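S.K.: Structure file upload-v4.csv (CSV, C-alpha atoms) right here:
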chain,number,residue,atom,x,y,z
A,23,MET,CA,0.0,0.0,0.0
A,24,LYS,CA,2.8,2.4,1.0
A,25,ALA,CA,4.7,1.4,-2.2
A,26,LEU,CA,1.6,2.2,-4.2
A,27,ALA,CA,1.2,5.6,-2.6
A,28,VAL,CA,4.8,6.4,-3.2
A,29,GLY,CA,4.4,5.3,-6.8
A,30,LEU,CA,1.4,7.5,-7.3
A,31,VAL,CA,3.2,10.5,-5.8
A,32,ALA,CA,6.1,9.8,-8.2
A,33,VAL,CA,3.7,9.7,-11.2
A,34,ALA,CA,1.9,12.9,-10.0
A,35,ALA,CA,5.3,14.6,-9.7
A,36,ALA,CA,6.3,13.5,-13.1
A,37,VAL,CA,3.1,14.8,-14.6
A,38,ALA,CA,3.4,18.1,-12.6
A,39,CYS,CA,6.8,18.7,-14.0
A,40,GLY,CA,5.3,18.0,-17.4
A,41,PRO,CA,6.8,17.8,-20.8
A,42,ARG,CA,8.8,21.0,-21.1
A,43,ARG,CA,7.5,22.0,-24.5
A,44,PRO,CA,6.8,25.6,-25.5
A,45,ALA,CA,3.3,26.7,-26.5
A,46,THR,CA,2.6,25.1,-29.9
A,47,PRO,CA,1.2,27.1,-32.8
A,48,SER,CA,-1.9,24.9,-33.3
A,49,PRO,CA,-3.4,23.8,-30.0
A,50,PRO,CA,-5.3,20.5,-29.9
A,51,PRO,CA,-9.1,20.4,-29.3
A,52,GLY,CA,-10.1,21.3,-25.8
A,53,SER,CA,-6.8,23.0,-25.0
A,54,GLU,CA,-6.6,26.2,-23.2
A,55,LEU,CA,-4.0,29.0,-23.7
A,56,LEU,CA,-3.7,31.5,-20.8
A,57,VAL,CA,-1.5,34.5,-21.2
A,58,LEU,CA,-0.5,37.4,-18.9
A,59,LEU,CA,-0.4,40.6,-20.9
A,60,PRO,CA,1.1,43.9,-20.0
A,61,ASP,CA,-1.3,46.7,-19.0
A,62,PRO,CA,-2.2,48.7,-22.1
A,63,ASP,CA,-2.2,51.9,-20.0
A,64,GLY,CA,1.2,51.5,-18.6
A,65,GLY,CA,0.2,50.2,-15.2
A,66,ALA,CA,1.8,47.3,-13.3
A,67,LEU,CA,2.1,43.9,-15.0
A,68,GLY,CA,0.4,41.9,-12.3
A,69,ARG,CA,0.5,38.2,-11.9
A,70,ALA,CA,-1.7,35.2,-12.5
A,71,ILE,CA,-1.9,31.9,-10.6
A,72,ILE,CA,-3.2,29.0,-12.7
A,73,THR,CA,-4.3,25.8,-11.1
A,74,SER,CA,-5.3,22.6,-12.9
A,75,ALA,CA,-5.2,19.0,-11.8
A,76,SER,CA,-3.9,20.1,-8.3
A,77,ALA,CA,-0.8,21.7,-9.9
A,78,THR,CA,-0.2,25.4,-9.9
A,79,VAL,CA,2.0,27.7,-12.1
A,80,ASP,CA,2.5,31.4,-11.7
A,81,LEU,CA,2.6,33.8,-14.7
A,82,VAL,CA,4.8,36.7,-13.7
A,83,GLY,CA,6.5,38.0,-16.9
A,84,GLU,CA,5.2,39.9,-19.8
A,85,ARG,CA,3.4,37.7,-22.4
A,86,GLU,CA,4.1,34.6,-20.2
A,87,ALA,CA,1.8,31.8,-21.2
A,88,THR,CA,0.8,28.3,-20.1
A,89,GLU,CA,-1.3,25.7,-21.7
A,90,VAL,CA,-3.8,23.3,-20.1
A,91,VAL,CA,-5.1,20.3,-21.9
A,92,ALA,CA,-8.1,18.3,-20.6
A,93,ASN,CA,-7.5,18.5,-16.8
A,94,ARG,CA,-3.8,17.9,-17.0
A,95,PRO,CA,-1.5,20.2,-15.1
A,96,PRO,CA,-0.6,23.6,-16.7
A,97,THR,CA,2.6,23.5,-18.8
A,98,ARG,CA,5.7,25.4,-17.7
A,99,PRO,CA,5.2,29.1,-18.4
A,100,VAL,CA,6.9,30.4,-21.5
A,101,ALA,CA,6.9,33.9,-23.0
A,102,ILE,CA,5.2,33.9,-26.3
A,103,ASP,CA,5.8,36.5,-29.0
A,104,GLU,CA,3.7,39.4,-30.1
A,105,ALA,CA,2.9,37.7,-33.5
A,106,ARG,CA,1.3,34.7,-31.7
A,107,ILE,CA,-0.7,37.0,-29.4
A,108,GLN,CA,-2.0,38.9,-32.4
A,109,GLN,CA,-2.8,35.7,-34.2
A,110,VAL,CA,-4.9,34.2,-31.3
A,111,PHE,CA,-6.1,37.4,-29.5
A,112,GLY,CA,-5.8,40.3,-31.9
A,113,ASP,CA,-9.4,40.1,-32.8
A,114,VAL,CA,-10.7,40.1,-29.2
A,115,LEU,CA,-8.2,42.7,-28.0
A,116,SER,CA,-9.6,45.1,-30.6
A,117,ALA,CA,-13.1,44.6,-29.1
A,118,LEU,CA,-11.9,45.8,-25.7
A,119,PRO,CA,-13.7,49.0,-24.6
A,120,PRO,CA,-11.5,52.1,-24.1
A,121,PRO,CA,-10.0,52.4,-20.6
A,122,PRO,CA,-12.2,54.4,-18.1
A,123,LYS,CA,-10.7,57.7,-17.1
A,124,SER,CA,-11.1,59.0,-13.6
A,125,PHE,CA,-11.0,62.6,-12.1
A,126,ASN,CA,-11.1,63.8,-8.5
A,127,LEU,CA,-13.2,66.8,-8.0
A,128,TYR,CA,-12.6,68.4,-4.6
A,129,PHE,CA,-15.2,70.1,-2.3
A,130,GLN,CA,-15.3,72.6,0.4
A,131,PHE,CA,-15.7,71.5,4.0
A,132,ASP,CA,-19.1,70.0,4.9
A,133,SER,CA,-20.5,71.3,1.7
A,134,ASP,CA,-21.6,70.3,-1.8
A,135,GLN,CA,-19.8,73.3,-3.3
A,136,LEU,CA,-16.8,72.4,-5.6
A,137,THR,CA,-13.5,74.1,-5.1
A,138,ASP,CA,-12.4,76.5,-7.9
A,139,ALA,CA,-9.8,74.0,-9.1
A,140,ALA,CA,-12.5,71.3,-9.4
A,141,ARG,CA,-14.7,73.6,-11.4
A,142,ALA,CA,-11.9,74.2,-13.8
A,143,LEU,CA,-11.7,70.4,-14.5
A,144,LEU,CA,-15.3,70.2,-15.7
A,145,PRO,CA,-14.6,71.2,-19.4
A,146,GLU,CA,-12.1,68.4,-19.7
A,147,ILE,CA,-14.6,65.9,-18.4
A,148,LEU,CA,-17.3,67.2,-20.8
A,149,ARG,CA,-14.8,67.0,-23.7
A,150,LEU,CA,-14.1,63.3,-22.9
A,151,VAL,CA,-17.8,62.4,-22.6
A,152,LYS,CA,-18.5,63.9,-26.0
A,153,GLU,CA,-15.4,62.2,-27.5
A,154,ARG,CA,-16.4,58.7,-26.5
A,155,PRO,CA,-18.8,56.7,-28.8
A,156,VAL,CA,-20.7,55.1,-26.0
A,157,PRO,CA,-20.1,57.2,-22.9
A,158,ASP,CA,-21.3,56.7,-19.4
A,159,VAL,CA,-20.3,58.5,-16.3
A,160,VAL,CA,-20.1,57.3,-12.7
A,161,ALA,CA,-19.9,59.9,-9.9
A,162,ILE,CA,-18.9,58.5,-6.5
A,163,GLY,CA,-19.1,60.9,-3.5
A,164,HIS,CA,-16.5,60.8,-0.7
A,165,THR,CA,-16.1,62.7,2.5
A,166,ASP,CA,-13.5,63.1,5.2
A,167,THR,CA,-14.1,61.5,8.6
A,168,ILE,CA,-15.7,64.4,10.4
A,169,GLY,CA,-19.3,63.4,11.4
A,170,SER,CA,-21.1,60.1,11.5
A,171,GLY,CA,-20.9,57.4,8.8
A,172,ALA,CA,-24.5,57.9,8.0
A,173,SER,CA,-24.4,61.7,7.6
A,174,ASN,CA,-21.2,61.3,5.5
A,175,PHE,CA,-22.9,58.9,3.2
A,176,GLN,CA,-25.6,61.5,2.7
A,177,LEU,CA,-23.0,64.3,2.2
A,178,GLY,CA,-21.2,62.1,-0.4
A,179,LEU,CA,-24.4,61.6,-2.2
A,180,ARG,CA,-25.2,65.3,-2.3
A,181,ARG,CA,-21.7,66.0,-3.7
A,182,ALA,CA,-22.1,63.3,-6.4
A,183,THR,CA,-25.5,64.7,-7.2
A,184,ARG,CA,-24.1,68.2,-7.5
A,185,VAL,CA,-21.6,66.9,-10.1
A,186,ARG,CA,-24.4,65.2,-12.0
A,187,ASP,CA,-26.4,68.4,-12.1
A,188,LEU,CA,-23.4,70.4,-13.4
A,189,LEU,CA,-22.8,67.8,-16.2
A,190,VAL,CA,-26.5,67.7,-17.1
A,191,GLY,CA,-26.6,71.5,-17.1
A,192,ALA,CA,-23.7,71.4,-19.6
A,193,GLY,CA,-25.7,69.1,-21.9
A,194,VAL,CA,-24.8,65.5,-20.8
A,195,ASP,CA,-27.8,63.1,-20.9
A,196,ALA,CA,-28.8,62.4,-17.3
A,197,ALA,CA,-29.5,58.8,-18.2
A,198,LEU,CA,-25.8,58.3,-18.8
A,199,ILE,CA,-24.8,59.3,-15.3
A,200,THR,CA,-24.8,57.1,-12.2
A,201,VAL,CA,-24.6,58.7,-8.8
A,202,THR,CA,-23.4,56.8,-5.7
A,203,SER,CA,-21.8,57.5,-2.4
A,204,VAL,CA,-19.3,55.6,-0.3
A,205,GLY,CA,-19.3,58.3,2.5
A,206,GLU,CA,-16.1,58.1,4.5
A,207,ALA,CA,-15.4,54.4,3.7
A,208,GLU,CA,-12.8,54.9,0.9
A,209,PRO,CA,-10.7,57.9,1.8
A,210,LEU,CA,-7.9,58.9,-0.6
A,211,VAL,CA,-5.8,59.6,2.5
A,212,GLN,CA,-6.2,57.3,5.5
A,213,THR,CA,-6.9,59.3,8.6
A,214,PRO,CA,-8.2,58.6,12.1
A,215,ASP,CA,-11.9,59.2,12.7
A,216,GLU,CA,-13.1,62.9,13.1
A,217,THR,CA,-10.2,64.2,11.1
A,218,MET,CA,-10.3,67.2,8.7
A,219,GLU,CA,-8.8,66.2,5.3
A,220,PRO,CA,-9.5,68.3,2.2
A,221,ARG,CA,-8.2,65.5,-0.1
A,222,ASN,CA,-10.9,63.2,1.1
A,223,ARG,CA,-13.7,65.7,0.3
A,224,ARG,CA,-14.2,64.6,-3.3
A,225,VAL,CA,-16.2,63.2,-6.0
A,226,GLU,CA,-14.5,60.6,-8.2
A,227,VAL,CA,-15.8,60.9,-11.7
A,228,ALA,CA,-15.2,58.0,-14.0
A,229,VAL,CA,-15.8,58.6,-17.7
A,230,ARG,CA,-16.2,55.2,-19.4
B,23,MET,CA,-33.3,15.3,20.3
B,24,ASN,CA,-33.6,18.9,21.4
B,25,GLY,CA,-30.2,19.5,20.0
B,26,PHE,CA,-31.3,18.0,16.6
B,27,ARG,CA,-34.5,20.2,16.6
B,28,CYS,CA,-32.4,23.2,17.4
B,29,CYS,CA,-30.1,22.4,14.5
B,30,VAL,CA,-33.0,22.0,12.1
B,31,ALA,CA,-34.5,25.3,13.2
B,32,VAL,CA,-31.2,27.0,12.6
B,33,VAL,CA,-30.9,25.6,9.1
B,34,VAL,CA,-34.5,26.5,8.3
B,35,LEU,CA,-33.8,30.1,9.6
B,36,LEU,CA,-30.7,30.3,7.5
B,37,LEU,CA,-32.5,29.2,4.4
B,38,ALA,CA,-35.3,31.6,5.1
B,39,ALA,CA,-32.8,34.4,5.4
B,40,ALA,CA,-31.0,33.5,2.2
B,41,THR,CA,-34.1,33.0,0.0
B,42,PRO,CA,-35.3,36.6,-0.4
B,43,VAL,CA,-31.8,37.7,-1.4
B,44,LEU,CA,-31.8,35.1,-4.2
B,45,GLY,CA,-35.2,36.4,-5.4
B,46,GLN,CA,-34.2,40.0,-5.6
B,47,PRO,CA,-33.1,41.5,-9.0
B,48,SER,CA,-29.4,42.5,-8.7
B,49,PRO,CA,-28.3,46.0,-9.7
B,50,PRO,CA,-26.7,46.4,-13.2
B,51,ALA,CA,-23.0,45.2,-13.3
B,52,GLY,CA,-22.0,47.3,-16.3
B,53,ARG,CA,-22.7,48.2,-19.8
B,54,ILE,CA,-21.9,46.8,-23.3
B,55,LYS,CA,-19.6,49.2,-25.1
B,56,VAL,CA,-18.7,47.2,-28.1
B,57,ALA,CA,-20.9,44.7,-30.0
B,58,SER,CA,-20.6,43.4,-33.5
B,59,GLY,CA,-21.7,40.4,-35.6
B,60,SER,CA,-23.8,37.7,-34.0
B,61,ALA,CA,-23.7,38.3,-30.3
B,62,PHE,CA,-26.2,37.5,-27.6
B,63,ILE,CA,-26.8,37.8,-23.9
B,64,VAL,CA,-28.4,34.8,-22.3
B,65,ARG,CA,-30.3,35.9,-19.2
B,66,GLN,CA,-32.6,33.6,-17.2
B,67,GLY,CA,-32.8,31.2,-20.2
B,68,GLN,CA,-33.7,33.9,-22.7
B,69,SER,CA,-31.4,34.8,-25.5
B,70,ILE,CA,-31.3,38.6,-26.2
B,71,PRO,CA,-29.3,40.2,-29.1
B,72,ALA,CA,-26.4,42.2,-27.6
B,73,HIS,CA,-26.4,45.8,-28.5
B,74,ILE,CA,-24.2,48.8,-27.6
B,75,GLY,CA,-25.3,50.7,-24.5
B,76,GLN,CA,-27.2,47.7,-23.1
B,77,LEU,CA,-26.9,47.0,-19.3
B,78,VAL,CA,-25.4,43.7,-18.2
B,79,PHE,CA,-26.1,41.9,-14.9
B,80,GLU,CA,-24.5,39.3,-12.7
B,81,GLY,CA,-25.4,35.9,-14.1
B,82,ASP,CA,-25.5,37.0,-17.8
B,83,VAL,CA,-23.9,34.7,-20.4
B,84,PHE,CA,-22.2,36.2,-23.4
B,85,ARG,CA,-22.6,34.0,-26.4
B,86,THR,CA,-21.1,34.8,-29.8
B,87,ALA,CA,-21.1,33.0,-33.2
B,88,ALA,CA,-18.1,32.8,-35.5
B,89,ASP,CA,-18.4,36.6,-36.3
B,90,GLY,CA,-19.5,37.9,-32.9
B,91,HIS,CA,-17.7,40.3,-30.5
B,92,VAL,CA,-18.8,41.9,-27.2
B,93,GLY,CA,-16.9,44.4,-25.1
B,94,VAL,CA,-18.2,45.3,-21.6
B,95,THR,CA,-17.1,47.8,-19.1
B,96,LEU,CA,-18.2,46.9,-15.6
B,97,ASN,CA,-19.1,49.3,-12.7
B,98,ASP,CA,-15.7,48.9,-11.0
B,99,ASP,CA,-13.9,49.7,-14.3
B,100,THR,CA,-13.2,46.0,-15.0
B,101,ARG,CA,-13.2,45.4,-18.8
B,102,VAL,CA,-14.0,42.1,-20.5
B,103,SER,CA,-13.9,41.5,-24.2
B,104,VAL,CA,-15.4,38.4,-25.7
B,105,GLY,CA,-14.3,37.1,-29.1
B,106,PRO,CA,-16.0,34.8,-31.7
B,107,GLY,CA,-17.3,31.4,-30.9
B,108,SER,CA,-17.5,32.0,-27.2
B,109,GLU,CA,-19.7,31.2,-24.2
B,110,ILE,CA,-18.7,33.2,-21.1
B,111,ARG,CA,-20.7,33.8,-18.0
B,112,LEU,CA,-20.3,36.7,-15.6
B,113,ASP,CA,-20.8,34.3,-12.7
B,114,ARG,CA,-20.3,36.7,-9.9
B,115,PHE,CA,-20.1,40.5,-9.8
B,116,LEU,CA,-20.2,42.1,-6.4
B,117,TYR,CA,-19.1,45.7,-6.1
B,118,SER,CA,-20.2,47.3,-2.9
B,119,PRO,CA,-17.0,48.8,-1.4
B,120,ALA,CA,-18.8,50.5,1.4
B,121,GLU,CA,-20.2,47.2,2.7
B,122,GLY,CA,-17.0,45.4,1.8
B,123,ARG,CA,-18.8,43.1,-0.6
B,124,LEU,CA,-16.5,42.5,-3.5
B,125,GLY,CA,-16.1,39.6,-5.9
B,126,PHE,CA,-15.6,38.8,-9.5
B,127,VAL,CA,-15.9,35.4,-11.2
B,128,LEU,CA,-15.9,34.8,-14.9
B,129,LYS,CA,-16.6,31.3,-16.3
B,130,ILE,CA,-15.3,30.6,-19.7
B,131,ALA,CA,-17.0,27.6,-21.2
B,132,ARG,CA,-15.4,28.1,-24.6
B,133,GLY,CA,-14.0,30.8,-26.8
B,134,ILE,CA,-11.7,33.7,-26.4
B,135,VAL,CA,-11.7,36.4,-23.7
B,136,VAL,CA,-9.5,39.3,-22.5
B,137,TYR,CA,-9.9,40.5,-18.9
B,138,VAL,CA,-8.5,43.8,-17.7
B,139,SER,CA,-8.7,44.3,-13.9
B,140,GLY,CA,-10.6,47.1,-12.2
B,141,ARG,CA,-11.2,48.3,-8.7
B,142,ILE,CA,-12.3,45.0,-7.2
B,143,ALA,CA,-8.9,43.7,-8.1
B,144,LYS,CA,-7.3,46.6,-6.2
B,145,LEU,CA,-9.5,46.4,-3.2
B,146,SER,CA,-9.8,42.6,-2.9
B,147,PRO,CA,-7.3,40.8,-5.1
B,148,ASP,CA,-8.2,37.4,-3.7
B,149,SER,CA,-11.8,37.7,-4.8
B,150,ILE,CA,-11.0,37.7,-8.5
B,151,ARG,CA,-11.3,34.3,-10.3
B,152,LEU,CA,-11.4,33.2,-13.9
B,153,GLU,CA,-12.5,29.7,-14.5
B,154,THR,CA,-12.1,27.6,-17.6
B,155,PRO,CA,-13.3,24.0,-18.0
B,156,SER,CA,-9.9,22.7,-16.8
B,157,ALA,CA,-8.2,25.5,-14.9
B,158,ILE,CA,-8.8,28.1,-12.2
B,159,VAL,CA,-7.0,31.4,-12.6
B,160,GLY,CA,-6.4,33.8,-9.7
B,161,VAL,CA,-5.4,37.2,-11.2
B,162,ARG,CA,-3.5,39.9,-9.3
B,163,GLY,CA,-4.0,42.5,-12.0
B,164,THR,CA,-3.9,43.5,-14.7
B,165,ARG,CA,-4.6,42.0,-18.2
B,166,MET,CA,-5.1,38.4,-19.0
B,167,ALA,CA,-6.0,36.7,-22.3
B,168,ILE,CA,-7.5,33.2,-22.4
B,169,SER,CA,-8.5,31.0,-25.3
B,170,VAL,CA,-10.5,27.8,-24.8
B,171,MET,CA,-10.6,25.6,-27.9
B,172,PRO,CA,-14.0,23.9,-28.6
What is this structure when it is put down as structure tokens?
M.R.:
Amino acid sequence: MKALAVGLVAVAAAVACGPRRPATPSPPPGSELLVLLPDPDGGALGRAIITSASATVDLVGEREATEVVANRPPTRPVAIDEARIQQVFGDVLSALPPPPKSFNLYFQFDSDQLTDAARALLPEILRLVKERPVPDVVAIGHTDTIGSGASNFQLGLRRATRVRDLLVGAGVDAALITVTSVGEAEPLVQTPDETMEPRNRRVEVAVR
Amino acid sequence: MNGFRCCVAVVVLLLAAATPVLGQPSPPAGRIKVASGSAFIVRQGQSIPAHIGQLVFEGDVFRTAADGHVGVTLNDDTRVSVGPGSEIRLDRFLYSPAEGRLGFVLKIARGIVVYVSGRIAKLSPDSIRLETPSAIVGVRGTRMAISVMP
């Protein structure tokens, strides 16, 4: 029994190490190709952890790929070239929506009045909304930690609503704008409770 | 016996608590930004042609024929693009940062998909999962491409 167990472990280990072949150009039916791609907008590369048949591989490098065939362990990660990526994924990459762009509009203390600097940002937001073929806008209200959680939720909502009203006043269709509040739950700058912090009095506007 | 009854009562209460949540319509998860060719959303068993501007919901399946594409931007800025010959389900989409409820699961039955991470990945990296018929992918940002041959 013990010998059998050892044998099984050995077989499993052999399978897990796998045949060290690079990703093949024409994958067999049912095969899966998984690739970690660089962020198109210059952000961090990230990392992917792929598990199949109790074996795990990490993709950590640009264009690193692994293949999985019918519940076998993932193959050893290999970087594949740009031509192969275009061949398999070019089509689907071109159907990716444009990246959302976010702005922080700052507010005066305990108020839904924008700062002058925030008002000056509105034309750029409007330009972007008009430029996009299928725009929508999400306005998320934030507050600093002065006051109760519940009252800050309401204040955040008033701020986000103010931004919506300004955009609608400038000609944006109200149906494209979603207004929400997270109150003091997601501060830009972490502070103790009951702390004045101008950078946390904001509305995040995402144009998508 | 009393212990058993108590146990049953707890289970019944838990079920009762869970049921109304299942019955409620979930808020929209995002919006279709790109649609071309033969592309559908399958929602509660009904197949609806996908069109630009349409809202998408947790549980929606994106199904495309050989010429179909769908590109979606979700509420947390996650982006998903679905290529031809695909069947991909937005199995879970939870984005309520204030309540700490965050989660994203995409199930790829077949086809081609590109995932670009959004805020859920920043706030709760462990709650992001992409599932294929053979593999489970945990993604710590940012952009992942997957092809599942038929």
S.K.: Let me make sure I understand: among B:Arg123, B:Arg111, B:Arg151, B:Lys55, which one has the smallest atom-to-atom distance to chain A if we use all atoms listed in the file?
M.R.: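 Of B:Arg123, B:Arg111, B:Arg151, B:Lys55, the one nearest chain A, counting all atoms listed in the file, is B:Lys55.
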S.K.: Rounded to one decimal place, report the CA of Asp187 in chain A-CA of Ser170 in chain A distance in Å.
M.R.: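 A separation of 25.6 Å between them.
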S.K.: Let me make sure I understand: among A:Ser173, A:Asn93, A:Ser124, A:Gln135, which one has the smallest atom-to-atom distance to Val185 in chain A if we use only C-alpha atoms?
M.R.: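 Answer, going by the shortest atom-to-atom distance: A:Gln135.
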S.K.: Using Å and a single decimal, report how far CA of Thr200 in chain A sits from CA of Ile142 in chain B.
M.R.: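 One can read the CA of Ile142 in chain B to CA of Thr200 in chain A distance as 18.1 Å.
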S.K.: At a cut-off of 7 Å from (-3.9, 30.0, -8.2) in the coordinates of the file, what residues are picked up using only C-alpha atoms, written as a CSV table (one decimal) with C-alpha atoms, keeping the file's coordinate frame?
M.R.:
chain,number,residue,atom,x,y,z
A,71,ILE,CA,-1.9,31.9,-10.6
A,72,ILE,CA,-3.2,29.0,-12.7
A,73,THR,CA,-4.3,25.8,-11.1
A,78,THR,CA,-0.2,25.4,-9.9
B,158,ILE,CA,-8.8,28.1,-12.2
B,159,VAL,CA,-7.0,31.4,-12.6
B,160,GLY,CA,-6.4,33.8,-9.7
S.K.: Using only C-alpha atoms, pick whichever of A:Pro157, A:Pro214, A:Gly169, A:Gly112 has the shortest atom-to-atom distance to Val135 in chain B.
M.R.: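 Residue with the minimum atom-to-atom distance to Val135 in chain B: A:Gly112.
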S.K.: Just want the 9 Å neighbourhood of Asp148 in chain B, counted on all atoms listed in the file, with same-chain residues fewer than 5 positions away dropped. Output as a list in words.
M.R.: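 So the residues in contact are Gly125, Ala143, Gly160, Val161 and Arg162 of chain B.
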S.K.: Which distance in Å separates CA of Leu81 in chain A and CA of Ala66 in chain A, to one decimal?
M.R.: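 Straight-line distance from CA of Leu81 in chain A to CA of Ala66 in chain A works out to 13.6 Å.
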S.K.: Hey, which bits of chain A sit within 8 Å of chain B, and for each residue what's the closest pair of atoms and how far apart in Å (one decimal), counting all atoms listed in the file, rows by chain and increasing number, as a Markdown table?
M.R.:
| residue | atom | partner | partner_atom | distance |
| --- | --- | --- | --- | --- |
| A:Pro49 | CA | B:Met171 | CA | 7.7 |
| A:Pro50 | CA | B:Met171 | CA | 7.6 |
| A:Pro51 | CA | B:Met171 | CA | 5.6 |
| A:Gly52 | CA | B:Met171 | CA | 4.8 |
| A:Ser53 | CA | B:Met171 | CA | 5.4 |
| A:Glu54 | CA | B:Val170 | CA | 4.5 |
| A:Leu55 | CA | B:Ser169 | CA | 5.2 |
| A:Leu56 | CA | B:Ile168 | CA | 4.5 |
| A:Val57 | CA | B:Ala167 | CA | 5.1 |
| A:Leu58 | CA | B:Met166 | CA | 4.7 |
| A:Leu59 | CA | B:Arg165 | CA | 5.2 |
| A:Pro60 | CA | B:Arg165 | CA | 6.3 |
| A:Asp61 | CA | B:Arg165 | CA | 5.8 |
| A:Gly65 | CA | B:Thr164 | CA | 7.9 |
| A:Ala66 | CA | B:Thr164 | CA | 7.0 |
| A:Leu67 | CA | B:Thr164 | CA | 6.0 |
| A:Gly68 | CA | B:Gly163 | CA | 4.5 |
| A:Arg69 | CA | B:Arg162 | CA | 5.1 |
| A:Ala70 | CA | B:Val161 | CA | 4.4 |
| A:Ile71 | CA | B:Gly160 | CA | 5.0 |
| A:Ile72 | CA | B:Val159 | CA | 4.5 |
| A:Thr73 | CA | B:Ile158 | CA | 5.2 |
| A:Ser74 | CA | B:Ala157 | CA | 4.6 |
| A:Ala75 | CA | B:Ser156 | CA | 7.8 |
| A:Val90 | CA | B:Ser156 | CA | 7.0 |
| A:Val91 | CA | B:Ser156 | CA | 7.4 |
| A:Ala92 | CA | B:Ser156 | CA | 6.1 |
| A:Asn93 | CA | B:Ser156 | CA | 4.8 |
| A:Arg94 | CA | B:Ser156 | CA | 7.8 |
| A:Val110 | CA | B:Ser169 | CA | 7.7 |
| A:Phe111 | CA | B:Ala167 | CA | 7.2 |
| A:Asp113 | CA | B:Gly105 | CA | 6.8 |
| A:Val114 | CA | B:Gly105 | CA | 4.7 |
| A:Leu115 | CA | B:Val136 | CA | 6.6 |
| A:Ala117 | CA | B:Gly93 | CA | 5.5 |
| A:Leu118 | CA | B:Ser103 | CA | 5.0 |
| A:Pro119 | CA | B:Gly93 | CA | 5.6 |
| A:Pro121 | CA | B:Asp99 | CA | 7.9 |
| A:Pro122 | CA | B:Asp99 | CA | 6.3 |
| A:Val156 | CA | B:Lys55 | CA | 6.1 |
| A:Val204 | CA | B:Ala120 | CA | 5.4 |
| A:Gly205 | CA | B:Ala120 | CA | 7.9 |
| A:Ala207 | CA | B:Ala120 | CA | 5.7 |
| A:Glu208 | CA | B:Ala120 | CA | 7.5 |
| A:Arg230 | CA | B:Thr95 | CA | 7.5 |
S.K.: Considering all atoms listed in the file, state which residue in the set B:Glu109, B:Pro50, B:Gln66, B:Ser60 is at the smallest distance from Phe84 in chain B.
M.R.: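 Among B:Glu109, B:Pro50, B:Gln66, B:Ser60, it is B:Glu109 that comes nearest to Phe84 in chain B.
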S.K.: For Phe131 in chain A, which residue out of A:Arg85, A:His164, A:Arg154, A:Arg106 is the nearest one, using all atoms listed in the file?
M.R.: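 The answer is A:His164, which sits nearest to Phe131 in chain A.
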S.K.: From the set B:Ser149, B:Glu80, B:Leu128, B:Gly107, which residue has the shortest atom-to-atom contact distance to Pro49 in chain B, counting all atoms listed in the file?
M.R.: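 Checking each candidate against Pro49 in chain B, we get B:Glu80 as the closest.
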